$ cat target.txt   # compact mmCIF, C-alpha atoms
# COMPACT_ATOMS: atom_id res chain seq x y z
CA MET A 1 0.00 0.00 0.00
CA THR A 2 1.35 3.44 -0.95
CA TRP A 3 0.13 6.28 1.22
CA ARG A 4 0.22 9.92 0.13
CA MET A 5 -0.55 13.06 2.10
CA PRO A 6 -2.63 15.31 -0.17
CA ALA A 7 -1.93 19.01 -0.47
CA GLU A 8 -3.97 21.11 1.93
CA THR A 9 -5.67 22.63 -1.12
CA ALA A 10 -7.24 19.27 -2.04
CA PRO A 11 -10.94 18.89 -1.09
CA HIS A 12 -11.66 18.28 2.59
CA GLU A 13 -14.20 16.06 4.27
CA ARG A 14 -13.93 18.15 7.45
CA THR A 15 -11.56 19.87 9.87
CA TRP A 16 -10.70 18.50 13.31
CA MET A 17 -9.99 20.65 16.39
CA ALA A 18 -9.63 20.20 20.16
CA PHE A 19 -11.42 22.42 22.69
CA PRO A 20 -9.35 24.12 25.42
CA ARG A 21 -9.33 22.77 28.96
CA ALA A 22 -7.70 23.73 32.24
CA GLY A 23 -3.91 23.59 32.15
CA ILE A 24 -0.82 25.67 31.50
CA THR A 25 -1.84 26.59 27.94
CA LEU A 26 -5.25 27.85 29.00
CA GLY A 27 -3.86 30.38 31.49
CA ASP A 28 -4.02 30.84 35.24
CA ASP A 29 -6.82 33.39 35.58
CA ALA A 30 -10.41 33.69 34.43
CA ALA A 31 -9.76 36.44 31.89
CA SER A 32 -6.97 34.48 30.23
CA ALA A 33 -9.10 31.35 30.11
CA ASP A 34 -12.05 33.20 28.59
CA GLU A 35 -9.72 34.64 25.94
CA ALA A 36 -8.54 31.16 24.93
CA TYR A 37 -12.04 29.66 24.82
CA ALA A 38 -13.24 32.57 22.67
CA ALA A 39 -10.31 32.33 20.24
CA TRP A 40 -10.67 28.59 19.64
CA THR A 41 -14.44 29.01 19.25
CA ALA A 42 -14.02 31.85 16.74
CA VAL A 43 -11.74 29.70 14.59
CA ALA A 44 -14.18 26.78 14.71
CA HIS A 45 -17.06 29.00 13.65
CA ALA A 46 -15.02 30.54 10.83
CA VAL A 47 -14.01 27.13 9.47
CA SER A 48 -17.57 25.83 9.76
CA GLU A 49 -18.68 28.43 7.22
CA TYR A 50 -16.69 26.45 4.63
CA GLU A 51 -16.74 22.82 5.77
CA PRO A 52 -17.82 20.62 8.70
CA VAL A 53 -15.85 20.89 11.94
CA THR A 54 -15.51 18.17 14.56
CA MET A 55 -14.25 19.29 17.97
CA VAL A 56 -12.74 16.85 20.45
CA VAL A 57 -13.84 17.93 23.92
CA ASP A 58 -12.48 16.84 27.27
CA PRO A 59 -15.34 15.61 29.52
CA SER A 60 -14.60 18.44 31.96
CA GLU A 61 -15.52 21.00 29.26
CA ARG A 62 -18.67 19.33 27.96
CA GLU A 63 -21.14 22.02 29.00
CA ARG A 64 -18.97 24.99 28.05
CA ALA A 65 -18.24 23.54 24.62
CA ARG A 66 -21.91 22.87 23.96
CA ARG A 67 -22.81 26.42 24.97
CA MET A 68 -20.06 28.19 23.02
CA LEU A 69 -19.83 26.06 19.89
CA GLY A 70 -23.54 25.59 19.32
CA ALA A 71 -25.05 23.27 16.75
CA HIS A 72 -22.71 24.26 13.91
CA VAL A 73 -19.76 22.29 15.32
CA GLU A 74 -19.93 18.55 15.95
CA GLN A 75 -18.55 17.61 19.38
CA VAL A 76 -17.05 14.29 20.45
CA GLU A 77 -15.64 13.49 23.89
CA ALA A 78 -12.18 12.18 24.74
CA PRO A 79 -9.66 12.99 27.49
CA LEU A 80 -7.32 15.85 26.59
CA ASP A 81 -4.42 17.62 28.24
CA GLU A 82 -3.45 19.84 25.28
CA PHE A 83 -5.43 21.29 22.42
CA TRP A 84 -3.06 21.81 19.47
CA MET A 85 -4.79 19.33 17.18
CA ARG A 86 -2.33 19.78 14.31
CA ASP A 87 0.49 18.45 16.46
CA PHE A 88 -0.95 15.47 18.34
CA GLY A 89 -3.79 14.58 16.01
CA PRO A 90 -3.44 12.29 13.01
CA THR A 91 -1.93 13.29 9.70
CA PHE A 92 -4.39 11.98 7.13
CA VAL A 93 -3.24 10.20 3.98
CA VAL A 94 -4.87 8.55 0.97
CA ASP A 95 -4.02 5.64 -1.30
CA ASP A 96 -4.44 6.56 -4.94
CA GLU A 97 -4.57 2.90 -5.93
CA ARG A 98 -7.45 2.14 -3.57
CA PRO A 99 -10.35 4.58 -4.03
CA GLY A 100 -12.01 5.32 -0.71
CA ALA A 101 -8.98 4.33 1.38
CA LEU A 102 -8.13 6.78 4.14
CA GLY A 103 -5.14 6.43 6.45
CA ALA A 104 -4.23 8.27 9.64
CA VAL A 105 -0.58 8.57 10.61
CA ASP A 106 -0.13 8.36 14.38
CA TRP A 107 3.20 10.05 14.99
CA THR A 108 4.83 9.49 18.35
CA PHE A 109 4.01 12.65 20.33
CA ASN A 110 5.98 13.69 23.42
CA GLY A 111 4.87 17.26 23.95
CA TRP A 112 7.41 18.91 21.63
CA GLY A 113 10.43 17.21 23.17
CA ASP A 114 9.04 16.40 26.63
CA PRO A 115 9.85 19.70 28.35
CA ASP A 116 9.21 19.91 32.10
CA TRP A 117 6.03 21.96 31.69
CA ALA A 118 4.30 19.81 29.05
CA GLU A 119 1.20 17.70 29.70
CA TRP A 120 0.76 15.40 26.75
CA HIS A 121 -0.01 11.79 27.65
CA GLU A 122 -3.78 12.04 27.11
CA SER A 123 -3.46 13.96 23.84
CA ALA A 124 -0.92 11.42 22.53
CA ARG A 125 -3.86 8.98 22.26
CA ILE A 126 -6.05 11.28 20.17
CA ALA A 127 -4.68 10.28 16.76
CA ALA A 128 -5.86 6.71 17.32
CA PHE A 129 -9.19 7.98 18.66
CA VAL A 130 -9.77 10.13 15.58
CA ALA A 131 -8.69 7.33 13.26
CA ASP A 132 -11.27 5.06 14.84
CA ARG A 133 -13.99 7.71 14.53
CA THR A 134 -13.26 8.22 10.82
CA GLY A 135 -12.71 4.57 9.92
CA ALA A 136 -9.19 5.41 8.75
CA GLY A 137 -6.48 2.78 8.78
CA LEU A 138 -4.06 3.58 11.62
CA ILE A 139 -0.44 3.96 10.49
CA SER A 140 1.74 3.88 13.59
CA SER A 141 5.11 5.59 13.54
CA LEU A 142 8.05 5.62 15.95
CA LEU A 143 9.11 9.01 14.58
CA VAL A 144 8.51 11.75 17.13
CA ASN A 145 6.90 14.37 14.95
CA GLU A 146 4.06 16.86 14.88
CA GLY A 147 1.77 17.90 12.07
CA GLY A 148 3.02 21.47 12.34
CA GLY A 149 6.51 20.22 11.61
CA ILE A 150 5.76 19.31 7.98
CA HIS A 151 4.19 20.85 4.90
CA VAL A 152 3.65 18.99 1.61
CA ASP A 153 2.65 19.76 -1.97
CA GLY A 154 0.83 16.45 -2.48
CA GLU A 155 3.29 15.55 -5.23
CA GLY A 156 6.16 14.17 -3.16
CA THR A 157 7.70 17.31 -1.66
CA VAL A 158 7.90 17.82 2.11
CA LEU A 159 9.22 20.86 3.98
CA LEU A 160 10.70 20.20 7.43
CA THR A 161 13.20 21.62 9.91
CA GLU A 162 16.46 20.22 11.24
CA THR A 163 15.75 21.48 14.77
CA VAL A 164 12.42 19.60 14.92
CA GLN A 165 12.77 16.11 13.46
CA LEU A 166 16.48 15.93 14.39
CA ASP A 167 15.90 17.34 17.89
CA PRO A 168 17.65 14.94 20.33
CA ARG A 169 14.75 15.36 22.77
CA ARG A 170 12.46 14.02 20.07
CA ASN A 171 14.52 11.59 17.98
CA ARG A 172 17.82 10.98 19.72
CA TYR A 173 19.24 8.62 17.13
CA ALA A 174 17.70 10.08 13.98
CA ASP A 175 19.51 11.36 10.95
CA LYS A 176 18.12 12.85 7.76
CA ALA A 177 18.14 9.54 5.90
CA ARG A 178 16.11 7.77 8.61
CA VAL A 179 13.61 10.62 8.85
CA GLU A 180 13.19 10.79 5.09
CA ALA A 181 12.66 7.02 4.85
CA GLU A 182 9.91 7.18 7.46
CA LEU A 183 8.24 10.13 5.73
CA ALA A 184 8.31 8.17 2.47
CA ARG A 185 6.62 5.22 4.18
CA THR A 186 3.97 7.23 6.00
CA ILE A 187 3.09 10.24 3.84
CA GLY A 188 4.62 9.37 0.47
CA ALA A 189 7.30 12.07 0.56
CA THR A 190 9.99 11.45 -2.04
CA HIS A 191 11.87 14.75 -1.79
CA ALA A 192 12.69 16.55 1.48
CA VAL A 193 13.55 20.23 1.71
CA TRP A 194 15.26 20.84 5.05
CA LEU A 195 15.17 24.25 6.69
CA PRO A 196 18.01 24.75 9.19
CA ARG A 197 15.77 26.49 11.73
CA GLY A 198 12.50 28.29 12.39
CA LEU A 199 11.50 31.67 13.83
CA THR A 200 13.18 33.12 16.92
CA ARG A 201 10.23 33.06 19.34
CA ASP A 202 9.71 29.37 18.59
CA TYR A 203 12.90 28.56 20.53
CA ASP A 204 11.56 29.93 23.81
CA ASP A 205 10.67 27.50 26.61
CA PHE A 206 7.13 27.08 25.28
CA GLY A 207 8.11 26.88 21.60
CA THR A 208 8.20 23.96 19.19
CA LYS A 209 11.87 24.50 18.22
CA GLY A 210 11.14 25.48 14.65
CA HIS A 211 7.85 24.27 13.20
CA VAL A 212 7.79 24.92 9.48
CA ASP A 213 4.08 25.82 9.36
CA ILE A 214 4.79 29.26 10.78
CA VAL A 215 7.63 29.87 8.31
CA ALA A 216 6.73 28.54 4.87
CA THR A 217 4.01 26.70 3.00
CA ILE A 218 3.33 25.47 -0.54
CA PRO A 219 0.17 27.09 -1.95
CA SER A 220 0.64 25.27 -5.27
CA PRO A 221 3.30 23.01 -6.78
CA GLY A 222 6.48 24.95 -7.49
CA ARG A 223 5.50 27.96 -5.39
CA LEU A 224 6.53 28.82 -1.82
CA LEU A 225 4.83 31.29 0.49
CA LEU A 226 7.49 32.55 2.90
CA HIS A 227 7.25 34.58 6.10
CA ALA A 228 9.16 37.84 5.63
CA GLN A 229 10.14 39.98 8.61
CA GLN A 230 10.85 43.42 7.18
CA ASP A 231 12.05 45.29 10.28
CA PRO A 232 15.82 45.11 10.93
CA GLY A 233 15.08 45.52 14.64
CA HIS A 234 13.57 42.04 14.79
CA PRO A 235 15.92 39.01 14.91
CA ASP A 236 13.80 37.27 12.28
CA PHE A 237 14.86 39.95 9.78
CA ALA A 238 18.12 38.05 9.37
CA VAL A 239 16.54 34.62 9.85
CA THR A 240 13.97 34.98 7.08
CA ARG A 241 16.53 36.35 4.63
CA GLU A 242 18.84 33.42 5.31
CA LEU A 243 15.96 31.01 4.80
CA ARG A 244 14.95 32.72 1.56
CA ALA A 245 18.49 32.43 0.20
CA LEU A 246 18.66 28.77 1.13
CA LEU A 247 15.27 27.92 -0.35
CA ALA A 248 16.11 29.75 -3.57
CA GLY A 249 18.78 27.12 -4.12
CA THR A 250 16.44 24.15 -3.67
CA THR A 251 13.80 22.51 -5.85
CA ASP A 252 10.58 20.58 -5.37
CA ALA A 253 10.13 16.87 -6.10
CA ALA A 254 9.61 17.60 -9.80
CA GLY A 255 12.91 19.48 -10.02
CA ARG A 256 11.34 22.93 -10.30
CA SER A 257 13.05 25.92 -8.73
CA TRP A 258 10.72 27.69 -6.34
CA ASP A 259 8.69 30.76 -7.18
CA ILE A 260 9.03 32.37 -3.74
CA VAL A 261 6.30 34.79 -2.65
CA ASP A 262 7.08 36.89 0.43
CA LEU A 263 4.31 37.25 3.00
CA PRO A 264 5.30 40.24 5.16
CA ALA A 265 5.01 40.01 8.93
CA PRO A 266 2.79 42.44 10.86
CA ALA A 267 4.45 45.65 12.10
CA THR A 268 4.29 44.68 15.79
CA LEU A 269 7.70 43.55 17.01
CA LYS A 270 7.18 42.65 20.67
CA ASP A 271 4.65 41.63 23.28
CA GLU A 272 5.17 41.33 27.04
CA GLU A 273 7.24 38.17 26.53
CA GLY A 274 9.63 39.48 23.87
CA PHE A 275 9.86 39.41 20.07
CA VAL A 276 6.68 38.00 18.52
CA ASP A 277 6.45 35.35 15.81
CA TRP A 278 3.16 36.61 14.38
CA SER A 279 2.87 35.05 10.94
CA TYR A 280 0.25 35.06 8.21
CA VAL A 281 1.82 31.85 6.86
CA ASN A 282 0.08 29.95 9.66
CA HIS A 283 -3.30 29.85 7.90
CA LEU A 284 -5.65 26.95 7.14
CA VAL A 285 -6.76 26.21 3.60
CA VAL A 286 -10.40 25.10 3.60
CA ASN A 287 -12.92 24.25 0.88
CA ASP A 288 -13.27 27.40 -1.26
CA GLY A 289 -11.53 29.54 1.33
CA ILE A 290 -8.68 30.43 3.65
CA VAL A 291 -9.07 30.94 7.40
CA ALA A 292 -6.20 33.26 8.18
CA CYS A 293 -4.60 34.79 11.24
CA GLY A 294 -5.39 38.44 11.84
CA PHE A 295 -3.42 40.67 14.19
CA GLY A 296 -5.48 43.84 14.55
CA GLU A 297 -3.30 45.79 12.10
CA GLU A 298 -5.53 47.16 9.37
CA ARG A 299 -2.80 47.75 6.78
CA ALA A 300 -0.84 44.53 7.36
CA ASP A 301 -3.97 42.38 7.60
CA ALA A 302 -5.27 43.83 4.32
CA GLU A 303 -1.95 43.25 2.55
CA ALA A 304 -1.82 39.66 3.75
CA THR A 305 -5.41 39.07 2.62
CA ALA A 306 -4.58 40.34 -0.87
CA ILE A 307 -1.48 38.11 -1.14
CA LEU A 308 -3.34 35.03 0.11
CA GLU A 309 -6.20 35.54 -2.31
CA ALA A 310 -3.70 35.98 -5.16
CA VAL A 311 -1.78 32.76 -4.45
CA TYR A 312 -4.99 30.81 -3.78
CA PRO A 313 -7.16 32.00 -6.69
CA GLY A 314 -10.88 31.46 -6.26
CA ARG A 315 -10.69 31.23 -2.47
CA THR A 316 -12.04 33.83 -0.05
CA VAL A 317 -10.02 34.83 3.02
CA THR A 318 -11.69 34.99 6.42
CA MET A 319 -9.47 36.49 9.13
CA VAL A 320 -9.76 35.67 12.82
CA ASP A 321 -7.90 37.63 15.49
CA SER A 322 -5.15 35.18 16.42
CA ARG A 323 -3.20 37.17 18.99
CA PRO A 324 -4.62 35.07 21.85
CA ILE A 325 -3.55 31.88 20.03
CA PHE A 326 -0.03 33.13 19.30
CA ALA A 327 0.33 34.23 22.91
CA ARG A 328 -0.06 30.54 23.78
CA GLY A 329 2.47 29.29 21.24
CA GLY A 330 0.86 28.89 17.82
CA GLY A 331 -1.72 29.98 15.29
CA ILE A 332 -4.76 28.82 13.34
CA HIS A 333 -2.93 26.11 11.42
CA CYS A 334 -1.60 24.74 14.71
CA ILE A 335 -5.05 24.19 16.23
CA THR A 336 -6.68 22.58 13.18
CA GLN A 337 -6.19 19.42 11.14
CA GLN A 338 -7.83 18.76 7.78
CA GLN A 339 -9.34 15.42 6.85
CA PRO A 340 -9.15 14.99 3.06
CA ALA A 341 -12.15 13.88 1.06
CA VAL A 342 -11.63 10.50 -0.56
CA ALA A 343 -13.14 9.10 -3.70
CA ALA A 344 -16.01 6.68 -3.21
CA ALA A 345 -14.87 3.08 -3.02
CA PRO A 346 -16.13 0.67 -5.71
CA ALA A 347 -19.16 -1.33 -4.64
CA SER A 348 -17.10 -4.52 -4.48
CA ALA A 349 -14.76 -2.91 -1.95
CA ALA A 350 -17.33 -1.09 0.11
CA ALA A 351 -17.49 -3.77 2.76
CA ALA A 352 -13.72 -4.13 3.09
CA PRO A 353 -12.37 -3.14 6.52
CA ALA A 354 -10.10 -0.13 6.91
CA SER A 355 -6.47 -1.03 6.49
CA SER A 356 -4.14 -0.80 9.48
CA GLU A 357 -0.36 -0.75 9.52
CA GLU A 358 0.74 -1.29 13.07
CA GLY A 359 4.20 -0.58 14.35
CA GLY A 360 5.72 -0.82 17.82
CA ARG A 361 5.18 2.10 20.12

$ encode --input "target.txt" --output "structure tokens"
Amino acid sequence: MTWRMPAETAPHERTWMAFPRAGITLGDDAASADEAYAAWTAVAHAVSEYEPVTMVVDPSERERARRMLGAHVEQVEAPLDEFWMRDFGPTFVVDDERPGALGAVDWTFNGWGDPDWAEWHESARIAAFVADRTGAGLISSLLVNEGGGIHVDGEGTVLLTETVQLDPRRNRYADKARVEAELARTIGATHAVWLPRGLTRDYDDFGTKGHVDIVATIPSPGRLLLHAQQDPGHPDFAVTRELRALLAGTTDAAGRSWDIVDLPAPATLKDEEGFVDWSYVNHLVVNDGIVACGFGEERADAEATAILEAVYPGRTVTMVDSRPIFARGGGIHCITQQQPAVAAAPASAAAAPASSEEGGR
């Protein structure tokens, strides 16, 4: 069986999310908690205007989720200790040779390298839970990885970061060859483009150590959308220029040099914690639209909207204020996970059970 992760621009069956619950990410006061609940809810409602949304809800948040999400968002219960669905949830894949086949890659998740503050054991079980709910074949992997650590074009190319997959707190004995072999097995990647690092803020205590989905994405084969910090007073001014120069010397799986489109960062440089990593790259492509991060800057938000609509022709951009999400370590892409639509299986195969590829864990 040959699995392939489709491009995010391919049609979706739905988007999966996880509802916030008490813990370090939520915040330690009522105002902070309310801010997080409202932000996650706003994203869910925005996505639901384009496609179905299923929200995994911890039993402790059952009533709040029902009240805030309403009837537009399907809710299913499972124990949670984190709510960054992109990272601990499954990465969905399809098999082009078996119409109707859907797979769900269950990466090994250890809370972004098992830092002292992380609570992750409950959420590490969610990929299998979601796979069961969708009828997807579970593809277990010993690679410690998160969905935010990869981006694909659906044609064999994968973007990833040396400080994530080669992080010794994630994969102590990994090298590029081993990582690439596992990505070929699980998501059908045949050509890896390695970034040496991510954005500066992402290396703080609560960061992911360089997730690519805040830095670059592939809106269409042969084209890169790249975060561009334009203020020399921000450390990412140098970082993003170095990344641009490196990527300009790489190709995609088809051998094409990249058409690189810069996506300028907002003007804000700092919050109370230091230099921000606010990025319009961290958007979610949905059916007929884009749900994008907004930052309360009229000029920058409008410029980003225009660029996104240009590189995703025919899709409408909906912006959601994502400052409360970024304050907790991520953005809209980080809290969502798309489930691709699959072609209907032939009648003769309709009764066949979902395939499962089990590995040791």

$ closest_residue --input "target.txt" --among "A:Glu8, A:Glu122, A:Glu13, A:Asp205" --to "Ala341 of chain A" --atoms "all atoms listed in the file"
A:Glu13

$ closest_residue --input "target.txt" --among "A:Phe19, A:Ser141, A:Glu303, A:Arg197" --to "Ala181 of chain A" --atoms "only C-alpha atoms"
A:Ser141

$ closest_atom_pairs --input "target.txt" --of "segment 11-84 of chain A" --to "segment 99-115 of chain A" --cutoff "12 Å" --atoms "all atoms listed in the file" --output "tab-separated table"
residue	atom	partner	partner_atom	distance
A:Glu13	CA	A:Leu102	CA	11.1
A:Asp81	CA	A:Gly111	CA	10.2
A:Glu82	CA	A:Gly111	CA	8.8
A:Phe83	CA	A:Gly111	CA	11.2
A:Trp84	CA	A:Gly111	CA	10.2

$ write_last_selection --input "target.txt" --atoms "C-alpha atoms" --output "mmCIF file, in the coordinates of the input"
data_model
loop_
_atom_site.group_PDB
_atom_site.id
_atom_site.type_symbol
_atom_site.label_atom_id
_atom_site.label_comp_id
_atom_site.auth_asym_id
_atom_site.auth_seq_id
_atom_site.Cartn_x
_atom_site.Cartn_y
_atom_site.Cartn_z
ATOM 1 C CA GLU A 13 -14.200 16.060 4.270
ATOM 2 C CA ASP A 81 -4.420 17.620 28.240
ATOM 3 C CA GLU A 82 -3.450 19.840 25.280
ATOM 4 C CA PHE A 83 -5.430 21.290 22.420
ATOM 5 C CA TRP A 84 -3.060 21.810 19.470
#

$ atom_distance --input "target.txt" --atom1 "atom CA of Met55 of chain A" --atom2 "atom CA of Ala36 of chain A"
14.9 Å

$ atom_distance --input "target.txt" --atom1 "atom CA of Gln339 of chain A" --atom2 "atom CA of Arg14 of chain A"
5.4 Å

$ atom_distance --input "target.txt" --atom1 "atom CA of Leu69 of chain A" --atom2 "atom CA of Val47 of chain A"
12.0 Å

$ closest_residue --input "target.txt" --among "A:His12, A:Gly188, A:Pro313, A:Gly70" --to "Ala343 of chain A" --atoms "all atoms listed in the file"
A:His12

$ closest_residue --input "target.txt" --among "A:Ala30, A:Leu224, A:Val311, A:Val144" --to "Gln165 of chain A" --atoms "all atoms listed in the file"
A:Val144

$ closest_residue --input "target.txt" --among "A:Ala174, A:Ala33, A:Ala7, A:Met68" --to "Val93 of chain A" --atoms "all atoms listed in the file"
A:Ala7

$ residues_around --input "target.txt" --residues "segment 61-67 of chain A" --least-positions-apart "6" --cutoff "8 Å" --atoms "all atoms listed in the file" --output "list in words"
Phe19, Pro20, Arg21, Gln75 and Glu77 of chain A

$ residues_around --input "target.txt" --residues "segment 209-220 of chain A" --least-positions-apart "2" --cutoff "8 Å" --atoms "all atoms listed in the file" --output "PyMOL selection string"
chain A and resi 9+112+148-153+159-161+163-164+195+197-199+202-204+207+222-227+279-282+311-312+331+333-334

$ residues_around --input "target.txt" --residues "Ile126 of chain A" --least-positions-apart "6" --cutoff "10 Å" --atoms "only C-alpha atoms" --output "list of chain:residue names"
A:Ala18, A:Val56, A:Ala78, A:Pro79, A:Leu80, A:Met85, A:Phe88, A:Gly89, A:Pro90, A:Asp106, A:Asp132

$ residues_around --input "target.txt" --residues "Val43 of chain A" --least-positions-apart "2" --cutoff "8 Å" --atoms "only C-alpha atoms" --output "list in words"
Ala39, Trp40, Thr41, His45, Ala46, Val47, Val291, Val320 and Ile332 of chain A

$ axis_aligned_box --input "target.txt" --around "segment 47-63 of chain A" --padding-each-side "5 Å" --output "JSON"
{"center_x": -16.8, "center_y": 22.0, "center_z": 18.3, "size_x": 18.7, "size_y": 22.8, "size_z": 37.3}

$ closest_residue --input "target.txt" --among "A:Ala292, A:Ala177, A:Ala253, A:Ala327" --to "His191 of chain A" --atoms "all atoms listed in the file"
A:Ala253

$ residues_around --input "target.txt" --residues "Glu182 of chain A" --least-positions-apart "6" --cutoff "9 Å" --atoms "only C-alpha atoms" --output "ChimeraX atom specification"
/A:141-143,189
